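All remarks here apply to the structure that follows.
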Amino acid sequence: MKEKIRIGCGAGFSGDRLDPALTLVENGKLDYLVLECLAERTIALAQKRKLQNPLLGYDPLLERRIELLIEPLKRKQVRLITNMGAANPLAALDKVLEIAKQKNLAITVAAVTGDDVLAQINPNDPCLETGKPLTTVGPLVSANAYLGSEGIQEALQSDAGIIITGRVADPSLFLAPMMHEFKWHSDDYAMLGRGTVLGHLMECAGQVTGGYYADPGKKDVPDMANLGHPILEVASNGEGVVTKVTGTGGLINLDTVKEQLLYEVVNPYEYFTPDVIADFSLVKLQASGKDEVRVTRGDGKRRPETFKVSVGYQAGFIGEGEIAYAGYNAVRRARLAGNIVKERLKGVFHELRVDLIGMNSVHGNEFHKNNEPYEVRLRIAGKAGTAAHAARVGEEVEALYTNGPAGGGGVRKYVHETIGIVSTLLPREKVKPHVILKST
Amino acid sequence: MKLYDVAHSRAGDKGNTLTLSLIPYDEKDYNWLCEKVTVQKVKQHLHEIVKGEVRRYELPNIASLLFVCEQALNTGVTTSWVLDAHGKTLSYALLEMEI
């Protein structure tokens, strides 16, 4: 049994940079690389792509990431764990094998399925957000349970070099190799809690190495164009050090780690995953070197009896239009433009959202204290049941060119389909992870 | 003085719930922040943004506070029509607070 392993996180969301993962594999002395690429609704969007084409539904960047990494992964003997399977881990597996064959690489690839529970859920079950039956939110398009580490651990017992999952709780992508290497039992809640804390710190990649942190003059971060992604060196007693490859940009200090420890946490005393309920309140952080923070003393208690399920539903369309005004009286001209569009669309939309970008579009009116900007951008948004209906917003904003206030320019208009997400719970026995192995 | 002068913050989202950490640059300021930045104060400060309840978690182990704000993200990132649907910019709204 290894005493320590090194796990890198090369992507923290679907659209993340490609190159930090390559740096990690080449220079990180890794045992494992994790690529975390699934946000709440990414899987519902992927489900829609799969419905249109059964060979799709995996992460849109899968090919590019695998093309870049597969040879170095093999050469450096680093095992990859990724949720890029999204709505279709099996199609992703086949795509990875196809890339391996083109490159004449011998490799075994595993897919972990079982998260797709659309057939298992009862549409009359209550949604956690409203307490009403799921059917009341809209037509359902997907239901994916957050799996734990179980399926990945099973895959790790094979010789698979690449393991592709669909929906798995993010920290469990990291916990699985720890449990596998250190033979932690599924009821060793203290260890599982520690591993979950560490996984949580890693799952957003650059967010623990200075990304989403920098504030010039206040919180300076060096060389962000080459931000290094994190490496976790974890020992069999669950103690870890978060670090990065020397020479990469970014920084790791107590403050970057504190910000990430609390990121998206709704109860730090009880952080729920399918493996354990982790406790962040005992975690001790210690700066242990340049770009190195030591993390100890996480804890945990028995895992929940139910799986959380993310349910995607069709939520209609959002239409948006934007137009800019600058110079004398810009704010009043923008307000006039907003009022014109509101009058034009009266009765067409139940409600419109009208923002002045530069003044009140993200923080509301409370804080800008009437400091009028030199330039301002009017943004109008409306919700509708069809794309054509939603497009009316952009059409009316565009028509301001010739029918609206003076000096309006730079119109952009957008329509996008909305997939809403709500949650429900499923008993454990209804969710069965399954591992499929294929070799070149 | 504004919170921005003594502390930093990161915003996160879970559905329609906004999370805001509050981390003093100097750990010695933690107790003082606990006294000054109460749930009531945050609710009042963010009343235009946060429509639901605010819970505060104290984490003396890392000298940090966490505010969990419900009904703060216009239904949540997947269906929201606001410009910053995740609420990622909202950490800086908290830091605008006068103390």
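Labels used: A, B, ... for chains in the order of the structure tokens, numbers from 1 for residues in each chain, and numbers from 1 for ligands as shown.
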
Checklist entry - Using only C-alpha atoms, which residues sit within 9 Å of stretch 68-83 of chain B once same-chain residues fewer than 2 positions away are excluded, as number ranges by chain? => result A: 40-41, 265-267, 315-316, 318-320, 353, 355, 357, 361-362, 379, 381-383, 418-421; B: 13-21, 43, 49-57, 66, 85-87

Item to check | Those in stretch 1-81 of chain B with helix (DSSP H, G or I) from DSSP, as a ChimeraX atom specification | outcome: /B:3-6,27-36,39-45,60-62

Item to check | Residue neighbourhood A:Leu282, 10 Å, only C-alpha atoms, exclusion window fewer than 4 positions, as a list in words | outcome: Pro268, Tyr269, Thr296, Arg297, Gly298 and Asp299 of chain A; Leu59, Pro60, Asn61 and Ile62 of chain B

Can you pull out every residue within 9 Å of A:Val422, counting only C-alpha atoms, but drop anything in the same chain fewer than 2 positions away, and send it as a tab-separated table (two decimals) with N, CA, C and O atoms, in the first residue's frame?
chain	number	residue	atom	x	y	z
A	127	CYS	N	-40.50	17.79	-5.35
A	127	CYS	CA	-39.23	18.44	-5.60
A	127	CYS	C	-38.82	19.17	-4.33
A	127	CYS	O	-39.64	19.74	-3.62
A	128	LEU	N	-37.53	19.08	-3.99
A	128	LEU	CA	-37.05	19.59	-2.70
A	128	LEU	C	-37.27	21.10	-2.56
A	128	LEU	O	-37.48	21.61	-1.47
A	129	GLU	N	-37.20	21.81	-3.68
A	129	GLU	CA	-37.27	23.27	-3.63
A	129	GLU	C	-38.68	23.77	-3.31
A	129	GLU	O	-38.84	24.75	-2.58
A	130	THR	N	-39.70	23.11	-3.90
A	130	THR	CA	-41.06	23.63	-3.74
A	130	THR	C	-41.95	22.73	-2.91
A	130	THR	O	-43.00	23.18	-2.44
A	134	LEU	N	-42.78	16.77	-8.98
A	134	LEU	CA	-41.83	17.17	-10.00
A	134	LEU	C	-42.53	17.62	-11.29
A	134	LEU	O	-42.06	18.53	-11.98
A	137	VAL	N	-43.17	21.40	-12.32
A	137	VAL	CA	-42.17	22.41	-12.73
A	137	VAL	C	-42.10	22.57	-14.25
A	137	VAL	O	-41.73	23.63	-14.74
A	309	VAL	N	-30.87	13.74	-6.42
A	309	VAL	CA	-31.06	13.64	-7.87
A	309	VAL	C	-31.31	15.03	-8.44
A	309	VAL	O	-32.14	15.78	-7.92
A	310	SER	N	-30.57	15.38	-9.48
A	310	SER	CA	-30.77	16.63	-10.21
A	310	SER	C	-31.73	16.37	-11.35
A	310	SER	O	-31.45	15.53	-12.20
A	311	VAL	N	-32.83	17.06	-11.35
A	311	VAL	CA	-33.84	16.83	-12.39
A	311	VAL	C	-33.89	18.05	-13.31
A	311	VAL	O	-34.09	19.18	-12.85
A	312	GLY	N	-33.68	17.80	-14.60
A	312	GLY	CA	-33.73	18.90	-15.57
A	312	GLY	C	-35.10	18.98	-16.21
A	312	GLY	O	-35.73	17.97	-16.49
A	313	TYR	N	-35.58	20.19	-16.43
A	313	TYR	CA	-36.89	20.36	-17.08
A	313	TYR	C	-36.84	21.53	-18.05
A	313	TYR	O	-36.02	22.43	-17.91
A	420	GLY	N	-34.20	24.21	-16.66
A	420	GLY	CA	-34.20	24.42	-15.22
A	420	GLY	C	-33.76	23.16	-14.50
A	420	GLY	O	-33.81	22.06	-15.06
A	424	THR	N	-34.51	16.13	-6.22
A	424	THR	CA	-35.38	15.22	-5.47
A	424	THR	C	-34.47	14.16	-4.85
A	424	THR	O	-33.26	14.17	-5.08
B	15	GLY	N	-28.34	26.37	-6.33
B	15	GLY	CA	-29.72	26.68	-6.65
B	15	GLY	C	-29.98	28.16	-6.47
B	15	GLY	O	-29.22	29.00	-6.96

Checklist entry - Residues of stretch 65-313 of chain A in strand (DSSP E) according to DSSP, as a ChimeraX atom specification? => result /A:79-82,108-113,140-145,162-165,230-235,240-244,271-272,277-279,284-289,292-296,299-301,306-313

Checklist entry - Which residues, written as an NGL selection string, have at least one atom at most 9 Å from B:Ser9, with only C-alpha atoms counted and residues fewer than 6 positions away on the same chain left out? => result (:A and (213 or 259)) or (:B and (20-24 or 91-92 or 94-95))

May I have the selected residues written with C-alpha atoms, as a compact mmCIF listing (two decimals), in the first residue's frame?
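What ended up in again.txt:
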# COMPACT_ATOMS: atom_id res chain seq x y z
CA TYR A 213 -9.29 35.49 -6.00
CA GLU A 259 -12.04 31.08 0.18
CA LEU B 20 -20.74 34.51 0.89
CA SER B 21 -17.63 33.85 2.90
CA LEU B 22 -16.12 36.66 4.94
CA ILE B 23 -12.45 36.30 5.74
CA PRO B 24 -10.44 38.92 7.62
CA SER B 91 -19.04 39.07 -2.78
CA TYR B 92 -18.16 42.68 -3.55
CA LEU B 94 -21.08 42.39 0.87
CA LEU B 95 -17.69 44.11 1.07

Item to check | Test item: residues at most 7 Å from stretch 8-16 of chain A, only C-alpha atoms, excluding those fewer than 2 positions along its chain, as a ChimeraX atom specification | outcome: /A:6,18,20-21,24,30,32-39,202-205,229-232

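Counting only C-alpha atoms, A:Val295 has the following residues at most 7 Å away, ignoring those fewer than 5 positions along the same chain: Glu239, Gly240, Val241, Val283, Lys284, Leu285 and Gln286 of chain A.
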
Restricting the output to N, CA, C and O atoms, write the selected residues as an mmCIF file, in the first residue's frame.
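Written output follows (part.cif):
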data_model
loop_
_atom_site.group_PDB
_atom_site.id
_atom_site.type_symbol
_atom_site.label_atom_id
_atom_site.label_comp_id
_atom_site.auth_asym_id
_atom_site.auth_seq_id
_atom_site.Cartn_x
_atom_site.Cartn_y
_atom_site.Cartn_z
ATOM 1 N N GLU A 239 -4.271 13.259 5.849
ATOM 2 C CA GLU A 239 -3.701 14.609 5.884
ATOM 3 C C GLU A 239 -3.188 14.952 4.490
ATOM 4 O O GLU A 239 -2.599 14.113 3.813
ATOM 5 N N GLY A 240 -3.407 16.195 4.102
ATOM 6 C CA GLY A 240 -3.055 16.569 2.736
ATOM 7 C C GLY A 240 -2.306 17.880 2.643
ATOM 8 O O GLY A 240 -2.359 18.709 3.557
ATOM 9 N N VAL A 241 -1.612 18.043 1.526
ATOM 10 C CA VAL A 241 -0.962 19.314 1.211
ATOM 11 C C VAL A 241 -1.442 19.716 -0.178
ATOM 12 O O VAL A 241 -1.398 18.923 -1.112
ATOM 13 N N VAL A 283 -11.399 21.625 10.536
ATOM 14 C CA VAL A 283 -10.272 21.641 9.595
ATOM 15 C C VAL A 283 -9.225 22.655 10.037
ATOM 16 O O VAL A 283 -9.542 23.773 10.420
ATOM 17 N N LYS A 284 -7.983 22.206 9.979
ATOM 18 C CA LYS A 284 -6.892 23.097 10.348
ATOM 19 C C LYS A 284 -6.043 23.341 9.101
ATOM 20 O O LYS A 284 -5.684 22.388 8.399
ATOM 21 N N LEU A 285 -5.738 24.611 8.866
ATOM 22 C CA LEU A 285 -4.914 24.979 7.721
ATOM 23 C C LEU A 285 -3.601 25.558 8.220
ATOM 24 O O LEU A 285 -3.569 26.290 9.204
ATOM 25 N N GLN A 286 -2.550 25.228 7.497
ATOM 26 C CA GLN A 286 -1.230 25.660 7.936
ATOM 27 C C GLN A 286 -0.398 25.937 6.679
ATOM 28 O O GLN A 286 -0.298 25.072 5.807
#

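Atom CA of A:Ala100 lies 7.3 Å from atom CA of A:Ile70.
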
Next on the checklist: Measuring between only C-alpha atoms, which one of B:Leu90, B:Ile99, B:Val6, B:Met1 shows the shortest distance to B:Tyr30?
Outcome noted: B:Val6

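Atom CA of A:Ala145 is found 29.1 Å from atom CA of A:Val242.
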
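Shortest separation to B:Cys34 among B:Glu98, B:Leu3, B:Leu65, B:Glu48 occurs at residue B:Leu65, atoms counted being only C-alpha atoms.
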
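Nearest residue to chain B, choosing from A:Ile81, A:Val415, A:Ala87, A:Ala330 and counting only C-alpha atoms: A:Val415.
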
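Going from atom CA of B:His45 to atom CA of B:Lys2 covers 12.2 Å.
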
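Among the candidate residues A:Leu378, A:Ala190, A:Val234, A:Ala388, the one lying nearest to chain B is A:Leu378, with distances computed using only C-alpha atoms.
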